[in-house]
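Text of upload-v1.csv (CSV, N, CA and C atoms) as supplied:
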```
chain,number,residue,atom,x,y,z
A,1,MET,N,34.1,3.7,-27.4
A,1,MET,CA,33.9,3.4,-26.0
A,1,MET,C,32.6,4.0,-25.4
A,2,LEU,N,32.3,5.2,-25.8
A,2,LEU,CA,31.1,5.8,-25.3
A,2,LEU,C,29.9,5.0,-25.8
A,3,LEU,N,29.9,4.6,-27.1
A,3,LEU,CA,28.8,3.8,-27.6
A,3,LEU,C,28.6,2.5,-26.9
A,4,ALA,N,29.7,1.9,-26.5
A,4,ALA,CA,29.6,0.6,-25.7
A,4,ALA,C,29.0,0.9,-24.4
A,5,ILE,N,29.3,2.0,-23.7
A,5,ILE,CA,28.7,2.3,-22.4
A,5,ILE,C,27.2,2.6,-22.6
A,6,GLN,N,26.9,3.3,-23.7
A,6,GLN,CA,25.5,3.6,-23.9
A,6,GLN,C,24.7,2.3,-24.2
A,7,LEU,N,25.3,1.4,-25.0
A,7,LEU,CA,24.6,0.2,-25.3
A,7,LEU,C,24.4,-0.7,-24.0
A,8,GLN,N,25.4,-0.7,-23.2
A,8,GLN,CA,25.3,-1.5,-22.0
A,8,GLN,C,24.3,-0.9,-21.0
A,9,SER,N,24.2,0.4,-20.9
A,9,SER,CA,23.2,1.0,-20.0
A,9,SER,C,21.8,0.8,-20.5
A,10,GLN,N,21.6,0.6,-21.8
A,10,GLN,CA,20.3,0.3,-22.3
A,10,GLN,C,19.8,-1.1,-21.9
A,11,HIS,N,20.7,-2.0,-21.6
A,11,HIS,CA,20.3,-3.3,-21.2
A,11,HIS,C,20.3,-3.5,-19.7
A,12,LEU,N,20.6,-2.5,-18.9
A,12,LEU,CA,20.6,-2.6,-17.5
A,12,LEU,C,19.1,-2.6,-17.0
A,13,PRO,N,18.7,-3.5,-16.1
A,13,PRO,CA,17.4,-3.4,-15.6
A,13,PRO,C,17.2,-2.1,-14.8
A,14,THR,N,15.9,-1.6,-14.8
A,14,THR,CA,15.6,-0.4,-14.0
A,14,THR,C,15.7,-0.8,-12.6
A,15,SER,N,16.2,0.1,-11.8
A,15,SER,CA,16.4,-0.2,-10.3
A,15,SER,C,15.0,-0.3,-9.7
A,16,VAL,N,15.0,-1.1,-8.6
A,16,VAL,CA,13.8,-1.3,-7.8
A,16,VAL,C,13.3,0.1,-7.3
A,17,ALA,N,14.3,0.9,-6.9
A,17,ALA,CA,13.9,2.3,-6.4
A,17,ALA,C,13.2,3.1,-7.5
A,18,ALA,N,13.7,3.0,-8.7
A,18,ALA,CA,13.1,3.8,-9.8
A,18,ALA,C,11.7,3.3,-10.1
A,19,ILE,N,11.6,1.9,-10.1
A,19,ILE,CA,10.2,1.4,-10.3
A,19,ILE,C,9.3,1.8,-9.2
A,20,PHE,N,9.7,1.7,-8.0
A,20,PHE,CA,8.9,2.1,-6.8
A,20,PHE,C,8.5,3.6,-7.0
A,21,ALA,N,9.4,4.4,-7.3
A,21,ALA,CA,9.2,5.9,-7.4
A,21,ALA,C,8.2,6.2,-8.5
A,22,LYS,N,8.3,5.5,-9.6
A,22,LYS,CA,7.4,5.7,-10.7
A,22,LYS,C,6.0,5.3,-10.3
A,23,ARG,N,5.9,4.1,-9.7
A,23,ARG,CA,4.5,3.6,-9.4
A,23,ARG,C,3.9,4.4,-8.2
A,24,LEU,N,4.7,4.8,-7.3
A,24,LEU,CA,4.2,5.6,-6.2
A,24,LEU,C,3.6,6.9,-6.7
A,25,LYS,N,4.3,7.5,-7.6
A,25,LYS,CA,3.8,8.8,-8.1
A,25,LYS,C,2.5,8.6,-9.0
A,26,ALA,N,2.5,7.5,-9.7
A,26,ALA,CA,1.4,7.2,-10.6
A,26,ALA,C,0.1,6.9,-9.7
A,27,ALA,N,0.3,6.1,-8.6
A,27,ALA,CA,-0.8,5.7,-7.7
A,27,ALA,C,-1.3,7.0,-7.0
A,28,ARG,N,-0.4,7.8,-6.6
A,28,ARG,CA,-0.7,9.1,-5.9
A,28,ARG,C,-1.5,10.0,-6.8
A,29,THR,N,-1.1,10.1,-8.1
A,29,THR,CA,-1.8,10.9,-9.1
A,29,THR,C,-3.1,10.3,-9.4
A,30,LEU,N,-3.2,9.0,-9.5
A,30,LEU,CA,-4.5,8.3,-9.8
A,30,LEU,C,-5.5,8.6,-8.7
A,31,ARG,N,-5.1,8.7,-7.5
A,31,ARG,CA,-6.0,9.0,-6.4
A,31,ARG,C,-6.2,10.5,-6.2
A,32,GLY,N,-5.5,11.3,-7.0
A,32,GLY,CA,-5.7,12.7,-6.9
A,32,GLY,C,-5.1,13.4,-5.6
A,33,LEU,N,-4.1,12.8,-5.1
A,33,LEU,CA,-3.4,13.3,-3.9
A,33,LEU,C,-2.1,14.0,-4.2
A,34,SER,N,-1.9,15.1,-3.5
A,34,SER,CA,-0.6,15.7,-3.5
A,34,SER,C,0.3,15.0,-2.6
A,35,GLN,N,1.6,15.3,-2.8
A,35,GLN,CA,2.6,14.6,-1.9
A,35,GLN,C,2.3,15.0,-0.4
A,36,ARG,N,1.9,16.2,-0.2
A,36,ARG,CA,1.6,16.7,1.1
A,36,ARG,C,0.4,15.9,1.7
A,37,ALA,N,-0.7,15.7,0.9
A,37,ALA,CA,-1.9,15.0,1.3
A,37,ALA,C,-1.5,13.6,1.6
A,38,LEU,N,-0.8,12.9,0.8
A,38,LEU,CA,-0.4,11.5,1.0
A,38,LEU,C,0.5,11.4,2.2
A,39,GLY,N,1.4,12.3,2.4
A,39,GLY,CA,2.3,12.4,3.5
A,39,GLY,C,1.5,12.5,4.8
A,40,GLY,N,0.4,13.3,4.8
A,40,GLY,CA,-0.4,13.5,6.0
A,40,GLY,C,-1.2,12.3,6.3
A,41,LEU,N,-1.5,11.5,5.3
A,41,LEU,CA,-2.3,10.2,5.6
A,41,LEU,C,-1.4,9.1,6.1
A,42,VAL,N,-0.1,9.1,5.8
A,42,VAL,CA,0.7,8.1,6.3
A,42,VAL,C,1.7,8.5,7.4
A,43,SER,N,1.6,9.8,7.8
A,43,SER,CA,2.4,10.3,8.9
A,43,SER,C,1.6,11.3,9.7
A,44,ASP,N,2.0,11.4,11.0
A,44,ASP,CA,1.4,12.3,11.9
A,44,ASP,C,1.6,13.7,11.5
A,45,ASP,N,2.7,14.0,10.8
A,45,ASP,CA,3.2,15.3,10.5
A,45,ASP,C,3.1,15.5,9.0
A,46,LYS,N,2.1,16.4,8.5
A,46,LYS,CA,2.0,16.5,7.1
A,46,LYS,C,3.2,17.1,6.4
A,47,ALA,N,3.9,18.0,7.0
A,47,ALA,CA,5.1,18.6,6.4
A,47,ALA,C,6.2,17.5,6.3
A,48,ASN,N,6.5,16.8,7.3
A,48,ASN,CA,7.5,15.8,7.2
A,48,ASN,C,7.1,14.6,6.3
A,49,GLY,N,5.8,14.3,6.3
A,49,GLY,CA,5.2,13.3,5.5
A,49,GLY,C,5.4,13.7,4.0
A,50,SER,N,5.2,14.9,3.7
A,50,SER,CA,5.4,15.4,2.3
A,50,SER,C,6.8,15.3,1.9
A,51,VAL,N,7.7,15.6,2.7
A,51,VAL,CA,9.2,15.5,2.4
A,51,VAL,C,9.5,14.0,2.2
A,52,ARG,N,9.0,13.1,3.0
A,52,ARG,CA,9.2,11.7,2.8
A,52,ARG,C,8.7,11.2,1.5
A,53,ILE,N,7.5,11.6,1.1
A,53,ILE,CA,6.9,11.1,-0.2
A,53,ILE,C,7.8,11.7,-1.3
A,54,ASN,N,8.2,12.9,-1.2
A,54,ASN,CA,9.0,13.5,-2.3
A,54,ASN,C,10.3,12.8,-2.4
A,55,ARG,N,10.9,12.4,-1.3
A,55,ARG,CA,12.2,11.7,-1.3
A,55,ARG,C,12.0,10.3,-1.9
A,56,TYR,N,10.9,9.7,-1.6
A,56,TYR,CA,10.7,8.4,-2.3
A,56,TYR,C,10.5,8.5,-3.8
A,57,GLU,N,9.8,9.5,-4.2
A,57,GLU,CA,9.5,9.7,-5.6
A,57,GLU,C,10.7,10.2,-6.4
A,58,GLN,N,11.6,10.9,-5.7
A,58,GLN,CA,12.9,11.3,-6.3
A,58,GLN,C,14.0,10.3,-6.1
A,59,GLN,N,13.7,9.2,-5.5
A,59,GLN,CA,14.7,8.1,-5.3
A,59,GLN,C,15.9,8.6,-4.4
A,60,VAL,N,15.6,9.6,-3.5
A,60,VAL,CA,16.6,10.0,-2.5
A,60,VAL,C,16.6,9.0,-1.4
A,61,ASN,N,15.4,8.6,-1.0
A,61,ASN,CA,15.3,7.6,0.1
A,61,ASN,C,14.5,6.4,-0.4
A,62,ARG,N,14.7,5.3,0.2
A,62,ARG,CA,13.9,4.1,-0.1
A,62,ARG,C,13.0,3.7,1.0
A,63,ALA,N,11.8,3.4,0.7
A,63,ALA,CA,10.8,2.9,1.7
A,63,ALA,C,11.1,1.5,2.1
A,64,ASP,N,11.0,1.2,3.4
A,64,ASP,CA,11.1,-0.2,3.8
A,64,ASP,C,9.8,-0.9,3.5
A,65,MET,N,9.8,-2.2,3.6
A,65,MET,CA,8.6,-3.0,3.2
A,65,MET,C,7.3,-2.6,4.0
A,66,ASP,N,7.5,-2.3,5.3
A,66,ASP,CA,6.3,-1.9,6.0
A,66,ASP,C,5.7,-0.6,5.5
A,67,THR,N,6.6,0.3,5.2
A,67,THR,CA,6.2,1.6,4.7
A,67,THR,C,5.6,1.5,3.3
A,68,ALA,N,6.2,0.7,2.5
A,68,ALA,CA,5.6,0.4,1.2
A,68,ALA,C,4.2,-0.2,1.3
A,69,ALA,N,4.0,-1.1,2.2
A,69,ALA,CA,2.7,-1.7,2.4
A,69,ALA,C,1.7,-0.7,2.9
A,70,ALA,N,2.1,0.2,3.8
A,70,ALA,CA,1.2,1.3,4.3
A,70,ALA,C,0.9,2.2,3.2
A,71,LEU,N,1.8,2.6,2.4
A,71,LEU,CA,1.5,3.4,1.2
A,71,LEU,C,0.5,2.8,0.3
A,72,ALA,N,0.7,1.5,0.0
A,72,ALA,CA,-0.2,0.8,-0.9
A,72,ALA,C,-1.6,0.8,-0.3
A,73,LYS,N,-1.7,0.5,1.0
A,73,LYS,CA,-3.0,0.4,1.6
A,73,LYS,C,-3.7,1.8,1.6
A,74,THR,N,-2.9,2.8,1.9
A,74,THR,CA,-3.5,4.2,1.8
A,74,THR,C,-3.9,4.6,0.4
A,75,LEU,N,-3.1,4.2,-0.6
A,75,LEU,CA,-3.5,4.5,-2.0
A,75,LEU,C,-4.5,3.6,-2.6
A,76,ASN,N,-4.8,2.5,-1.8
A,76,ASN,CA,-5.8,1.5,-2.3
A,76,ASN,C,-5.3,0.8,-3.6
A,77,VAL,N,-4.1,0.4,-3.6
A,77,VAL,CA,-3.5,-0.4,-4.6
A,77,VAL,C,-2.8,-1.6,-4.0
A,78,PRO,N,-2.7,-2.7,-4.8
A,78,PRO,CA,-2.0,-3.8,-4.2
A,78,PRO,C,-0.5,-3.5,-4.1
A,79,LEU,N,0.1,-4.0,-3.1
A,79,LEU,CA,1.5,-3.8,-2.9
A,79,LEU,C,2.3,-4.2,-4.1
A,80,ALA,N,1.9,-5.3,-4.8
A,80,ALA,CA,2.6,-5.7,-6.0
A,80,ALA,C,2.6,-4.6,-7.1
A,81,TYR,N,1.6,-3.8,-7.1
A,81,TYR,CA,1.6,-2.7,-8.1
A,81,TYR,C,2.8,-1.8,-7.9
A,82,LEU,N,3.2,-1.5,-6.7
A,82,LEU,CA,4.3,-0.5,-6.5
A,82,LEU,C,5.6,-1.1,-7.0
A,83,PHE,N,5.7,-2.4,-7.2
A,83,PHE,CA,6.9,-3.0,-7.7
A,83,PHE,C,6.8,-3.6,-9.1
A,84,ALA,N,5.7,-3.4,-9.8
A,84,ALA,CA,5.5,-4.0,-11.1
A,84,ALA,C,6.6,-3.4,-12.1
A,85,GLU,N,7.3,-4.3,-12.8
A,85,GLU,CA,8.4,-3.9,-13.6
A,85,GLU,C,8.1,-3.2,-14.9
A,86,ASP,N,6.9,-3.4,-15.4
A,86,ASP,CA,6.5,-2.7,-16.6
A,86,ASP,C,5.0,-2.3,-16.6
A,87,ASP,N,4.7,-1.4,-17.4
A,87,ASP,CA,3.3,-0.8,-17.4
A,87,ASP,C,2.2,-1.8,-17.6
A,88,ASP,N,2.4,-2.8,-18.5
A,88,ASP,CA,1.4,-3.8,-18.7
A,88,ASP,C,1.2,-4.6,-17.4
A,89,GLN,N,2.2,-5.0,-16.8
A,89,GLN,CA,2.2,-5.7,-15.5
A,89,GLN,C,1.4,-4.9,-14.5
A,90,ALA,N,1.8,-3.6,-14.4
A,90,ALA,CA,1.1,-2.7,-13.4
A,90,ALA,C,-0.4,-2.6,-13.6
A,91,ASP,N,-0.7,-2.5,-14.9
A,91,ASP,CA,-2.1,-2.4,-15.3
A,91,ASP,C,-2.9,-3.7,-14.9
A,92,MET,N,-2.2,-4.8,-15.2
A,92,MET,CA,-2.8,-6.1,-14.9
A,92,MET,C,-3.1,-6.3,-13.4
A,93,VAL,N,-2.1,-5.8,-12.6
A,93,VAL,CA,-2.2,-6.0,-11.1
A,93,VAL,C,-3.4,-5.1,-10.7
A,94,LEU,N,-3.5,-3.9,-11.2
A,94,LEU,CA,-4.7,-3.1,-10.8
A,94,LEU,C,-6.0,-3.7,-11.2
A,95,ALA,N,-6.1,-4.1,-12.4
A,95,ALA,CA,-7.3,-4.7,-13.0
A,95,ALA,C,-7.6,-6.0,-12.2
A,96,PHE,N,-6.7,-6.8,-11.9
A,96,PHE,CA,-6.9,-8.1,-11.2
A,96,PHE,C,-7.4,-7.8,-9.8
A,97,ALA,N,-7.0,-6.8,-9.2
A,97,ALA,CA,-7.4,-6.5,-7.8
A,97,ALA,C,-8.9,-6.1,-7.8
A,98,LYS,N,-9.4,-5.6,-8.9
A,98,LYS,CA,-10.8,-5.2,-8.9
A,98,LYS,C,-11.8,-6.3,-9.2
A,99,LEU,N,-11.3,-7.5,-9.6
A,99,LEU,CA,-12.1,-8.6,-9.9
A,99,LEU,C,-12.6,-9.4,-8.7
A,100,THR,N,-13.7,-10.1,-8.9
A,100,THR,CA,-14.2,-11.0,-7.8
A,100,THR,C,-13.3,-12.2,-7.8
A,101,LYS,N,-13.4,-13.0,-6.7
A,101,LYS,CA,-12.6,-14.2,-6.6
A,101,LYS,C,-12.8,-15.1,-7.7
A,102,ALA,N,-14.1,-15.3,-8.2
A,102,ALA,CA,-14.4,-16.2,-9.3
A,102,ALA,C,-13.8,-15.7,-10.6
A,103,GLU,N,-13.9,-14.3,-10.8
A,103,GLU,CA,-13.3,-13.8,-12.0
A,103,GLU,C,-11.7,-13.9,-12.0
A,104,ARG,N,-11.2,-13.7,-10.8
A,104,ARG,CA,-9.7,-13.9,-10.7
A,104,ARG,C,-9.3,-15.3,-11.0
A,105,SER,N,-10.0,-16.3,-10.5
A,105,SER,CA,-9.7,-17.7,-10.8
A,105,SER,C,-9.8,-18.0,-12.3
A,106,LYS,N,-10.8,-17.5,-12.9
A,106,LYS,CA,-11.0,-17.7,-14.4
A,106,LYS,C,-9.9,-17.1,-15.2
A,107,LEU,N,-9.5,-15.8,-14.8
A,107,LEU,CA,-8.4,-15.1,-15.5
A,107,LEU,C,-7.1,-15.8,-15.3
A,108,LEU,N,-6.9,-16.3,-14.0
A,108,LEU,CA,-5.6,-17.0,-13.7
A,108,LEU,C,-5.5,-18.3,-14.5
A,109,ASN,N,-6.6,-19.0,-14.6
A,109,ASN,CA,-6.6,-20.2,-15.4
A,109,ASN,C,-6.3,-20.0,-16.8
A,110,GLU,N,-6.9,-18.9,-17.4
A,110,GLU,CA,-6.6,-18.6,-18.8
A,110,GLU,C,-5.2,-18.2,-19.0
A,111,ALA,N,-4.6,-17.4,-18.1
A,111,ALA,CA,-3.2,-17.0,-18.2
A,111,ALA,C,-2.3,-18.2,-18.1
A,112,LYS,N,-2.6,-19.1,-17.2
A,112,LYS,CA,-1.8,-20.3,-17.1
A,112,LYS,C,-1.8,-21.1,-18.4
A,113,ARG,N,-3.0,-21.2,-19.0
A,113,ARG,CA,-3.2,-21.9,-20.2
A,113,ARG,C,-2.4,-21.3,-21.3
A,114,LEU,N,-2.4,-20.0,-21.4
A,114,LEU,CA,-1.6,-19.3,-22.4
A,114,LEU,C,-0.1,-19.4,-22.2
A,115,ALA,N,0.3,-19.4,-21.0
A,115,ALA,CA,1.7,-19.5,-20.6
A,115,ALA,C,2.2,-20.9,-20.9
A,116,ALA,N,1.3,-21.9,-20.7
A,116,ALA,CA,1.7,-23.3,-21.0
A,116,ALA,C,1.9,-23.5,-22.5
A,117,GLY,N,1.1,-22.8,-23.3
A,117,GLY,CA,1.2,-22.9,-24.7
A,117,GLY,C,2.5,-22.3,-25.2
A,118,LYS,N,2.9,-21.2,-24.5
A,118,LYS,CA,4.2,-20.6,-24.9
A,118,LYS,C,5.4,-21.5,-24.5
A,119,GLN,N,5.3,-22.2,-23.4
A,119,GLN,CA,6.4,-23.1,-23.0
A,119,GLN,C,6.5,-24.2,-24.0
A,120,GLY,N,5.4,-24.7,-24.5
A,120,GLY,CA,5.4,-25.8,-25.4
A,120,GLY,C,6.0,-25.4,-26.7
A,121,THR,N,5.8,-24.2,-27.2
A,121,THR,CA,6.4,-23.7,-28.5
A,121,THR,C,7.9,-23.4,-28.2
A,122,ALA,N,8.2,-22.9,-27.1
A,122,ALA,CA,9.6,-22.6,-26.8
A,122,ALA,C,10.5,-23.9,-26.8
A,123,ASN,N,9.9,-25.0,-26.3
A,123,ASN,CA,10.6,-26.3,-26.2
A,123,ASN,C,10.8,-26.9,-27.6
A,124,LYS,N,9.9,-26.6,-28.5
A,124,LYS,CA,10.0,-27.1,-29.9
A,124,LYS,C,11.0,-26.4,-30.7
A,125,ALA,N,11.3,-25.1,-30.4
A,125,ALA,CA,12.3,-24.3,-31.1
A,125,ALA,C,13.7,-24.7,-31.0
```

Represent the supplied structure as structure tokens.
Amino acid sequence: MLLAIQLQSQHLPTSVAAIFAKRLKAARTLRGLSQRALGGLVSDDKANGSVRINRYEQQVNRADMDTAAALAKTLNVPLAYLFAEDDDQADMVLAFAKLTKAERSKLLNEAKRLAAGKQGTANKA
């Protein structure tokens, strides 16, 4: 029975709160900010802001969409980054955001071409 529960838990998707917490901490660390410093940038009160950031990172509280957007803007990351489900996706979002519009268009076209090739092979199987 215990083995069955362990196997089931391995297939459960990571919660949105856990993903957000992981990405928030990573973005904060990337920018070299403490919880207190980030809290001060998004709140009038550094002490309360620090507690808020800590609670988001510990999954005690969940940020609403407006707060998530404000955090992303303050951390200079795309909002999508804070919700990226895996590390490759998160890295791609950050890299994509740094590209020019022309570079983004080129990369997007290439990604679509690759994805279309995968769909074609999936249909043949």

Fewer than 3 positions away in the same chain doesn't count, so skip those; otherwise give me all residues within 7 Å of A:Leu94, counting only N, CA and C atoms, as a PDB file with N, CA and C atoms, in the frame of the given file.
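What landed in result.pdb:
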```pdb
ATOM      1  N   VAL A  77      -4.100   0.400  -3.600  1.00  0.00           N
ATOM      2  CA  VAL A  77      -3.500  -0.400  -4.600  1.00  0.00           C
ATOM      3  C   VAL A  77      -2.800  -1.600  -4.000  1.00  0.00           C
ATOM      4  N   PRO A  78      -2.700  -2.700  -4.800  1.00  0.00           N
ATOM      5  CA  PRO A  78      -2.000  -3.800  -4.200  1.00  0.00           C
ATOM      6  C   PRO A  78      -0.500  -3.500  -4.100  1.00  0.00           C
ATOM      7  N   TYR A  81       1.600  -3.800  -7.100  1.00  0.00           N
ATOM      8  CA  TYR A  81       1.600  -2.700  -8.100  1.00  0.00           C
ATOM      9  C   TYR A  81       2.800  -1.800  -7.900  1.00  0.00           C
ATOM     10  N   GLN A  89       2.200  -5.000 -16.800  1.00  0.00           N
ATOM     11  CA  GLN A  89       2.200  -5.700 -15.500  1.00  0.00           C
ATOM     12  C   GLN A  89       1.400  -4.900 -14.500  1.00  0.00           C
ATOM     13  N   ALA A  90       1.800  -3.600 -14.400  1.00  0.00           N
ATOM     14  CA  ALA A  90       1.100  -2.700 -13.400  1.00  0.00           C
ATOM     15  C   ALA A  90      -0.400  -2.600 -13.600  1.00  0.00           C
ATOM     16  N   ASP A  91      -0.700  -2.500 -14.900  1.00  0.00           N
ATOM     17  CA  ASP A  91      -2.100  -2.400 -15.300  1.00  0.00           C
ATOM     18  C   ASP A  91      -2.900  -3.700 -14.900  1.00  0.00           C
ATOM     19  N   ALA A  97      -7.000  -6.800  -9.200  1.00  0.00           N
ATOM     20  CA  ALA A  97      -7.400  -6.500  -7.800  1.00  0.00           C
ATOM     21  C   ALA A  97      -8.900  -6.100  -7.800  1.00  0.00           C
ATOM     22  N   LYS A  98      -9.400  -5.600  -8.900  1.00  0.00           N
ATOM     23  CA  LYS A  98     -10.800  -5.200  -8.900  1.00  0.00           C
ATOM     24  C   LYS A  98     -11.800  -6.300  -9.200  1.00  0.00           C
ATOM     25  N   LEU A  99     -11.300  -7.500  -9.600  1.00  0.00           N
ATOM     26  CA  LEU A  99     -12.100  -8.600  -9.900  1.00  0.00           C
ATOM     27  C   LEU A  99     -12.600  -9.400  -8.700  1.00  0.00           C
TER      28      LEU A  99
END
```

So which one's closest to A:Ala21, A:Ala70, A:Ala116, A:Met65, A:Val60? Using only C-alpha atoms, please.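 Under the stated criterion, the closest residue is A:Val60.
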
Find, counting all atoms listed in the file, the residue in A:Ala17, A:Leu30, A:Leu41, A:Ala95 that gets nearest to A:Asn61.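 With all atoms listed in the file as the atom set, the closest residue is A:Ala17.
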
I want to know what sits within 7 Å of A:Ser50, based on all atoms listed in the file, with residues of the same chain fewer than 4 positions away left out; could you give that as a ChimeraX atom specification? /A:35-40,45-46,54-55

Would you work out the distance separating atom CA of A:Leu71 from atom C of A:Thr100, expressed in Å to one decimal?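 It comes out at 23.3 Å.
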